[in-house]
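Structure data follow from target-v9.csv (CSV, C-alpha atoms and all ligand atoms):
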chain,number,residue,atom,x,y,z
J,7,MET,CA,26.1,121.5,-44.0
J,8,ARG,CA,26.3,119.3,-47.1
J,9,LEU,CA,29.7,118.5,-48.5
J,10,VAL,CA,30.2,117.3,-52.0
J,11,CYS,CA,33.5,115.5,-52.2
J,12,ILE,CA,35.6,114.7,-55.3
J,13,SER,CA,39.2,114.0,-56.0
J,14,ASP,CA,41.6,112.7,-58.6
J,15,THR,CA,39.7,114.0,-61.5
J,16,HIS,CA,42.9,114.1,-63.7
J,17,ASN,CA,41.5,116.5,-66.3
J,18,ARG,CA,38.3,114.5,-66.6
J,19,HIS,CA,36.2,116.9,-64.6
J,20,ASP,CA,33.7,117.4,-67.5
J,21,ALA,CA,32.5,113.8,-67.1
J,22,LEU,CA,31.3,114.4,-63.5
J,23,ARG,CA,27.7,115.2,-62.5
J,24,LEU,CA,27.9,117.0,-59.3
J,25,PRO,CA,25.0,117.0,-56.8
J,26,ARG,CA,24.1,120.2,-55.1
J,27,GLY,CA,25.6,121.1,-51.7
J,28,ASP,CA,27.1,123.8,-49.6
J,29,VAL,CA,30.8,123.1,-50.0
J,30,LEU,CA,32.5,121.5,-53.0
J,31,ILE,CA,35.7,119.8,-51.9
J,32,HIS,CA,38.4,118.6,-54.4
J,33,ALA,CA,41.1,116.6,-52.5
J,34,GLY,CA,43.8,117.0,-55.2
J,35,ASP,CA,45.0,115.6,-58.5
J,36,PHE,CA,42.8,117.7,-60.8
J,37,THR,CA,45.5,117.5,-63.5
J,38,GLY,CA,47.7,114.9,-65.2
J,39,MET,CA,51.0,116.7,-65.1
J,40,GLY,CA,50.2,120.0,-63.5
J,41,ARG,CA,50.7,122.1,-66.6
J,42,VAL,CA,49.5,125.7,-66.9
J,43,GLN,CA,46.8,124.8,-69.4
J,44,GLU,CA,45.5,121.9,-67.2
J,45,VAL,CA,45.3,124.1,-64.1
J,46,GLU,CA,43.5,126.8,-66.1
J,47,ALA,CA,41.0,124.3,-67.5
J,48,PHE,CA,40.3,122.9,-64.1
J,49,ALA,CA,40.0,126.4,-62.5
J,50,ARG,CA,37.4,127.4,-65.2
J,51,TRP,CA,35.3,124.3,-64.6
J,52,PHE,CA,35.6,124.7,-60.8
J,53,GLY,CA,34.6,128.3,-61.1
J,54,ALA,CA,31.5,127.4,-63.1
J,55,GLN,CA,30.1,125.1,-60.4
J,56,SER,CA,27.2,126.5,-58.4
J,57,HIS,CA,28.3,125.5,-54.9
J,58,PRO,CA,28.5,128.5,-52.7
J,59,HIS,CA,31.8,127.4,-51.1
J,60,LYS,CA,34.7,125.6,-52.7
J,61,ILE,CA,37.9,124.1,-51.3
J,62,VAL,CA,40.7,122.6,-53.2
J,63,VAL,CA,44.1,121.0,-52.2
J,64,ALA,CA,46.8,120.0,-54.6
J,65,GLY,CA,47.9,116.4,-55.3
J,66,ASN,CA,51.1,114.8,-56.4
J,67,HIS,CA,50.2,115.4,-60.1
J,68,ASP,CA,49.5,119.1,-59.6
J,69,TRP,CA,53.1,120.3,-60.2
J,70,LEU,CA,52.4,123.9,-60.9
J,71,PHE,CA,51.3,124.5,-57.3
J,72,GLU,CA,54.8,123.3,-56.2
J,73,ARG,CA,56.9,124.7,-59.0
J,74,ASP,CA,55.3,128.1,-59.4
J,75,HIS,CA,52.9,128.6,-56.6
J,76,THR,CA,52.3,132.3,-57.4
J,77,GLN,CA,51.2,131.5,-61.0
J,78,ALA,CA,49.1,128.6,-59.9
J,79,ARG,CA,47.3,130.6,-57.3
J,80,ALA,CA,46.8,133.5,-59.7
J,81,LEU,CA,45.2,131.1,-62.3
J,82,LEU,CA,42.8,129.7,-59.7
J,83,ALA,CA,41.9,133.2,-58.4
J,84,ARG,CA,41.2,134.5,-61.9
J,85,HIS,CA,38.9,131.7,-62.9
J,86,CYS,CA,37.4,130.7,-59.5
J,87,PRO,CA,37.7,133.7,-57.2
J,88,THR,CA,35.7,132.0,-54.4
J,89,ALA,CA,37.8,128.9,-54.1
J,90,HIS,CA,39.9,128.4,-51.0
J,91,TYR,CA,43.2,126.8,-51.9
J,92,LEU,CA,44.5,125.1,-48.7
J,93,GLN,CA,48.1,124.2,-48.3
J,94,ASP,CA,48.8,123.6,-44.6
J,95,ASN,CA,46.2,126.1,-43.6
J,96,GLY,CA,42.6,126.3,-42.7
J,97,VAL,CA,39.4,128.1,-43.3
J,98,ASP,CA,36.2,128.5,-41.3
J,99,ILE,CA,32.9,128.2,-43.3
J,100,ALA,CA,29.7,128.8,-41.4
J,101,GLY,CA,31.4,127.9,-38.1
J,102,VAL,CA,32.9,124.6,-39.4
J,103,ARG,CA,36.7,124.4,-39.3
J,104,PHE,CA,38.4,123.0,-42.4
J,105,TRP,CA,42.1,122.2,-42.9
J,106,GLY,CA,43.8,121.1,-46.1
J,107,SER,CA,47.2,119.7,-47.0
J,108,PRO,CA,48.7,118.2,-50.2
J,109,TRP,CA,51.6,116.0,-48.8
J,110,THR,CA,51.9,112.3,-49.6
J,111,PRO,CA,54.7,109.7,-48.8
J,112,LEU,CA,57.5,109.7,-51.4
J,113,PHE,CA,56.5,107.7,-54.5
J,114,LEU,CA,58.6,108.1,-57.7
J,115,ASN,CA,59.4,111.7,-56.6
J,116,TRP,CA,56.1,113.4,-57.6
J,117,ALA,CA,55.0,116.8,-56.4
J,118,PHE,CA,54.4,117.4,-52.7
J,119,ASN,CA,56.1,114.1,-51.8
J,120,LEU,CA,58.0,113.8,-48.5
J,121,LYS,CA,59.9,110.9,-47.0
J,122,ARG,CA,57.9,108.8,-44.6
J,123,GLY,CA,58.5,109.5,-40.9
J,124,GLN,CA,59.4,112.9,-39.5
J,125,PRO,CA,59.0,115.1,-42.6
J,126,LEU,CA,55.4,114.1,-42.9
J,127,ALA,CA,54.8,114.1,-39.1
J,128,ALA,CA,55.9,117.7,-39.1
J,129,LYS,CA,53.2,118.7,-41.6
J,130,TRP,CA,50.5,116.8,-39.7
J,131,ALA,CA,51.7,118.5,-36.5
J,132,LEU,CA,50.4,121.8,-38.0
J,133,ILE,CA,46.8,120.6,-38.1
J,134,PRO,CA,44.8,122.2,-35.3
J,135,ALA,CA,43.3,119.7,-32.8
J,136,ASP,CA,39.9,121.3,-33.3
J,137,THR,CA,39.8,120.7,-37.1
J,138,GLN,CA,36.3,119.4,-38.0
J,139,VAL,CA,36.8,118.6,-41.7
J,140,LEU,CA,40.3,117.5,-42.7
J,141,ILE,CA,41.3,117.3,-46.3
J,142,THR,CA,44.5,115.7,-47.3
J,143,HIS,CA,45.5,114.4,-50.7
J,144,GLY,CA,46.5,111.0,-49.4
J,145,PRO,CA,44.9,108.5,-46.9
J,146,PRO,CA,46.1,107.5,-43.5
J,147,LEU,CA,47.7,104.1,-43.3
J,148,GLY,CA,45.0,101.3,-43.1
J,149,VAL,CA,42.0,103.4,-44.2
J,150,LEU,CA,40.7,103.1,-47.8
J,151,ASP,CA,44.4,102.9,-48.9
J,152,LEU,CA,44.6,99.4,-50.3
J,153,THR,CA,46.2,99.2,-53.8
J,154,ARG,CA,45.4,96.6,-56.4
J,155,HIS,CA,48.7,95.0,-55.5
J,156,GLY,CA,47.3,94.3,-52.0
J,157,LEU,CA,49.4,96.9,-50.2
J,158,ASN,CA,48.2,99.5,-47.7
J,159,VAL,CA,50.2,102.5,-48.8
J,160,GLY,CA,48.6,105.3,-46.6
J,161,CYS,CA,50.7,107.5,-44.3
J,162,GLU,CA,51.5,106.0,-41.0
J,163,GLU,CA,52.3,109.4,-39.5
J,164,LEU,CA,48.8,110.7,-40.5
J,165,ALA,CA,47.2,107.6,-38.9
J,166,ALA,CA,49.2,108.3,-35.7
J,167,ALA,CA,48.1,111.9,-35.6
J,168,LEU,CA,44.5,110.8,-36.0
J,169,GLU,CA,44.9,108.2,-33.3
J,170,LYS,CA,46.6,110.5,-30.8
J,171,ARG,CA,45.5,114.0,-31.4
J,172,LEU,CA,43.0,114.7,-34.1
J,173,ARG,CA,39.3,113.7,-34.2
J,174,PRO,CA,37.7,115.4,-37.3
J,175,ARG,CA,34.1,114.7,-38.0
J,176,VAL,CA,35.1,114.1,-41.7
J,177,HIS,CA,38.4,113.3,-43.3
J,178,VAL,CA,38.4,113.6,-47.1
J,179,PHE,CA,41.2,112.3,-49.3
J,180,GLY,CA,41.9,110.5,-52.6
J,181,HIS,CA,45.2,109.5,-54.2
J,182,ILE,CA,44.7,105.8,-54.0
J,183,HIS,CA,42.0,105.4,-56.7
J,184,GLU,CA,41.2,101.8,-55.8
J,185,GLY,CA,40.3,102.9,-52.2
J,186,TYR,CA,37.2,104.9,-53.3
J,187,GLY,CA,34.5,104.7,-50.7
J,188,THR,CA,33.6,105.6,-47.1
J,189,TYR,CA,34.4,104.2,-43.7
J,190,GLU,CA,33.6,105.3,-40.2
J,191,ARG,CA,35.8,104.8,-37.1
J,192,ASN,CA,36.0,106.6,-33.7
J,193,GLY,CA,33.5,109.2,-34.8
J,194,THR,CA,35.3,110.1,-38.0
J,195,GLN,CA,33.7,109.6,-41.4
J,196,PHE,CA,36.6,108.8,-43.8
J,197,VAL,CA,36.0,109.5,-47.5
J,198,ASN,CA,38.2,108.3,-50.3
J,199,ALA,CA,36.6,110.5,-53.0
J,200,SER,CA,38.7,109.4,-56.0
J,201,SER,CA,36.6,110.3,-59.0
J,202,CYS,CA,38.8,108.3,-61.4
J,203,THR,CA,39.1,104.5,-61.1
J,204,GLU,CA,42.5,102.8,-61.1
J,205,PHE,CA,42.2,102.8,-64.9
J,206,TYR,CA,41.7,106.6,-64.9
J,207,GLU,CA,38.0,106.4,-65.9
J,208,PRO,CA,36.0,109.2,-64.2
J,209,THR,CA,33.1,106.9,-63.2
J,210,ASN,CA,33.1,107.1,-59.4
J,211,VAL,CA,30.2,109.3,-58.2
J,212,PRO,CA,30.9,112.3,-56.0
J,213,VAL,CA,30.5,111.5,-52.3
J,214,VAL,CA,27.9,113.5,-50.4
J,215,ILE,CA,28.4,113.9,-46.7
J,216,ASP,CA,26.1,115.9,-44.3
J,217,CYS,CA,27.9,117.1,-41.3
U,301,ZN,ZN,45.3,110.3,-58.8

Kindly return the structure encoded in the file as structure tokens.
Ligand SMILES: [Zn+2]
Amino acid sequence: MRLVCISDTHNRHDALRLPRGDVLIHAGDFTGMGRVQEVEAFARWFGAQSHPHKIVVAGNHDWLFERDHTQARALLARHCPTAHYLQDNGVDIAGVRFWGSPWTPLFLNWAFNLKRGQPLAAKWALIPADTQVLITHGPPLGVLDLTRHGLNVGCEELAAALEKRLRPRVHVFGHIHEGYGTYERNGTQFVNASSCTEFYEPTNVPVVIDC
């Protein structure tokens, strides 16, 4: 199964050239402010892509999915009926178990922000142990999460869950644009798929993973 991973497109999806693959994964932040028109434009573009399976999670910019979940889901369903929107739930595609979640540690009170510690740990506790492809908007602490200010800002509770209980084959995220790239550890391929650079230029190529 070939995964094509993108994230943090921030309304610049038209600039991307997507390779072919079986599952197109967007790990969140497809908008700038999560407005209706932004969600609609993204949904149209996502719907026009040829990949047979599509998965999307929301990011901290995608406000409509938090403020008016019903409207957001309806827009996505109208323009991209085959997309699986994952928010603390999973989907099986061709026998591969995917799970998606939008939460990131509190930062200036954006969408889907939670305090570090127990509130985030509770969300990660929902992830089934047999998850094979994990999609979160943000990285775990210490993995492709280094900002230009030299700080590792990933979620320590997510790192702990991966250490103790989860062993996905692939973990896709974005959020920290500067962390774009891949890294393998303990049998997990980590992918920071941020399509936009730290300067919000959509120049990072989609990451292709065969799993
Ligand atoms: Zn972003």

Residues within 12 Å of J:Gly123, please, as a PyMOL selection string. Count only C-alpha atoms; anything in the same chain fewer than 6 positions from it doesn't count. chain J and resi 110-112+129-130+161-167

Report as a ChimeraX atom specification which protein, DNA and RNA residues come within 7 Å of ligand ZN 301 (chain U), using all atoms listed in the file. /J:14,16,35,181-183

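With only C-alpha atoms as the basis for measurement, J:Phe179 is the residue among J:Tyr206, J:Phe179, J:Phe196, J:Tyr189 that approaches J:Trp109 most closely.
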
Tell me, as a VMD selection string, which residues lie within 12 Å of J:Asp20, counting only C-alpha atoms; anything in the same chain fewer than 4 positions away does not count. chain J and resid 15 to 16 24 36 47 to 48 50 to 52 54 to 55 201 207 to 209

Best match for closeness to J:Thr37 among J:Cys202, J:Leu150, J:Val139, J:Val10, counting all atoms listed in the file: J:Cys202

J:Thr188: which residues within 9 Å, counting all atoms listed in the file, same-chain residues fewer than 4 positions away excluded, as a ChimeraX atom specification? /J:150,195-199,213

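Nearest to J:Ala83 of all the residues J:Ser107, J:Asp98, J:Lys60, J:His143 is J:Lys60, counting only C-alpha atoms.
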
Distance query J:Arg73 at most 10 Å, all atoms listed in the file, self and fewer than 3 positions along chain excluded, as a list in words: Gly40, Asp68, Trp69, Leu70, Thr76, Gln77, Ala78, Ala117 and Phe118 of chain J

Identify the residues within 7 Å of coordinate (38.6, 114.4, -53.4) (same frame as the file), considering all atoms listed in the file, and give the answer as a VMD selection string. chain J and resid 11 to 14 31 to 34 178 to 180 198 to 200

Atom-to-atom span, atom CA of J:Asp216 and atom CA of J:Thr142, Å: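 A separation of 18.6 Å between them.
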
Report, in Å with one decimal, the straight-line distance from atom CA of J:Glu46 to atom CA of J:Ala80.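 Between atom CA of J:Glu46 and atom CA of J:Ala80 the gap is 9.8 Å.
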
Could you get me a file of stretch 44-112 of chain J with C-alpha atoms, as a PDB file, in the first residue's frame, taken from the block above?
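Result written to decode_30.pdb:
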ATOM      1  CA  GLU J  44     -11.388  27.854   3.036  1.00  0.00           C
ATOM      2  CA  VAL J  45     -12.785  24.482   4.066  1.00  0.00           C
ATOM      3  CA  GLU J  46     -14.923  24.391   0.932  1.00  0.00           C
ATOM      4  CA  ALA J  47     -11.992  25.216  -1.357  1.00  0.00           C
ATOM      5  CA  PHE J  48      -9.868  22.538   0.253  1.00  0.00           C
ATOM      6  CA  ALA J  49     -12.668  19.966   0.074  1.00  0.00           C
ATOM      7  CA  ARG J  50     -13.133  20.630  -3.662  1.00  0.00           C
ATOM      8  CA  TRP J  51      -9.428  20.208  -4.311  1.00  0.00           C
ATOM      9  CA  PHE J  52      -9.188  17.106  -2.121  1.00  0.00           C
ATOM     10  CA  GLY J  53     -12.196  15.657  -3.918  1.00  0.00           C
ATOM     11  CA  ALA J  54     -10.564  16.239  -7.325  1.00  0.00           C
ATOM     12  CA  GLN J  55      -7.485  14.126  -6.521  1.00  0.00           C
ATOM     13  CA  SER J  56      -7.369  10.670  -8.077  1.00  0.00           C
ATOM     14  CA  HIS J  57      -6.237   8.637  -5.058  1.00  0.00           C
ATOM     15  CA  PRO J  58      -8.772   5.885  -4.341  1.00  0.00           C
ATOM     16  CA  HIS J  59      -8.674   6.460  -0.561  1.00  0.00           C
ATOM     17  CA  LYS J  60      -8.361   9.731   1.313  1.00  0.00           C
ATOM     18  CA  ILE J  61      -7.926  10.509   4.983  1.00  0.00           C
ATOM     19  CA  VAL J  62      -7.875  13.919   6.628  1.00  0.00           C
ATOM     20  CA  VAL J  63      -7.525  15.125  10.197  1.00  0.00           C
ATOM     21  CA  ALA J  64      -8.008  18.715  11.367  1.00  0.00           C
ATOM     22  CA  GLY J  65      -5.231  20.949  12.648  1.00  0.00           C
ATOM     23  CA  ASN J  66      -5.086  23.908  14.982  1.00  0.00           C
ATOM     24  CA  HIS J  67      -5.936  26.326  12.138  1.00  0.00           C
ATOM     25  CA  ASP J  68      -9.019  24.395  10.985  1.00  0.00           C
ATOM     26  CA  TRP J  69     -11.463  26.132  13.306  1.00  0.00           C
ATOM     27  CA  LEU J  70     -14.669  25.157  11.548  1.00  0.00           C
ATOM     28  CA  PHE J  71     -14.183  21.520  12.548  1.00  0.00           C
ATOM     29  CA  GLU J  72     -14.203  22.548  16.200  1.00  0.00           C
ATOM     30  CA  ARG J  73     -16.736  25.418  16.089  1.00  0.00           C
ATOM     31  CA  ASP J  74     -19.307  23.876  13.765  1.00  0.00           C
ATOM     32  CA  HIS J  75     -18.443  20.263  13.331  1.00  0.00           C
ATOM     33  CA  THR J  76     -21.692  19.459  11.498  1.00  0.00           C
ATOM     34  CA  GLN J  77     -21.209  22.147   8.851  1.00  0.00           C
ATOM     35  CA  ALA J  78     -17.558  21.254   8.395  1.00  0.00           C
ATOM     36  CA  ARG J  79     -18.329  17.572   7.931  1.00  0.00           C
ATOM     37  CA  ALA J  80     -21.153  18.388   5.517  1.00  0.00           C
ATOM     38  CA  LEU J  81     -18.861  20.545   3.352  1.00  0.00           C
ATOM     39  CA  LEU J  82     -16.258  17.817   3.203  1.00  0.00           C
ATOM     40  CA  ALA J  83     -18.867  15.161   2.422  1.00  0.00           C
ATOM     41  CA  ARG J  84     -20.412  17.269  -0.344  1.00  0.00           C
ATOM     42  CA  HIS J  85     -17.179  17.965  -2.207  1.00  0.00           C
ATOM     43  CA  CYS J  86     -15.188  14.870  -1.300  1.00  0.00           C
ATOM     44  CA  PRO J  87     -17.614  12.079  -0.427  1.00  0.00           C
ATOM     45  CA  THR J  88     -14.887   9.433  -0.286  1.00  0.00           C
ATOM     46  CA  ALA J  89     -12.784  11.233   2.338  1.00  0.00           C
ATOM     47  CA  HIS J  90     -12.517   9.748   5.800  1.00  0.00           C
ATOM     48  CA  TYR J  91     -12.410  12.557   8.352  1.00  0.00           C
ATOM     49  CA  LEU J  92     -10.830  11.109  11.492  1.00  0.00           C
ATOM     50  CA  GLN J  93     -11.230  12.715  14.906  1.00  0.00           C
ATOM     51  CA  ASP J  94     -10.304  10.214  17.584  1.00  0.00           C
ATOM     52  CA  ASN J  95     -11.530   7.335  15.487  1.00  0.00           C
ATOM     53  CA  GLY J  96     -10.180   4.913  12.955  1.00  0.00           C
ATOM     54  CA  VAL J  97     -10.795   3.309   9.618  1.00  0.00           C
ATOM     55  CA  ASP J  98      -9.664   0.035   8.042  1.00  0.00           C
ATOM     56  CA  ILE J  99      -8.512   0.275   4.437  1.00  0.00           C
ATOM     57  CA  ALA J 100      -7.520  -2.956   2.687  1.00  0.00           C
ATOM     58  CA  GLY J 101      -6.781  -4.550   6.051  1.00  0.00           C
ATOM     59  CA  VAL J 102      -4.594  -1.683   7.303  1.00  0.00           C
ATOM     60  CA  ARG J 103      -5.736   0.036  10.488  1.00  0.00           C
ATOM     61  CA  PHE J 104      -5.586   3.831  10.488  1.00  0.00           C
ATOM     62  CA  TRP J 105      -6.323   6.190  13.390  1.00  0.00           C
ATOM     63  CA  GLY J 106      -6.492   9.973  13.313  1.00  0.00           C
ATOM     64  CA  SER J 107      -6.539  12.741  15.928  1.00  0.00           C
ATOM     65  CA  PRO J 108      -6.294  16.564  15.732  1.00  0.00           C
ATOM     66  CA  TRP J 109      -5.093  17.531  19.239  1.00  0.00           C
ATOM     67  CA  THR J 110      -1.930  19.529  19.946  1.00  0.00           C
ATOM     68  CA  PRO J 111      -0.474  21.038  23.135  1.00  0.00           C
ATOM     69  CA  LEU J 112      -1.878  24.444  24.049  1.00  0.00           C
TER      70      LEU J 112
END
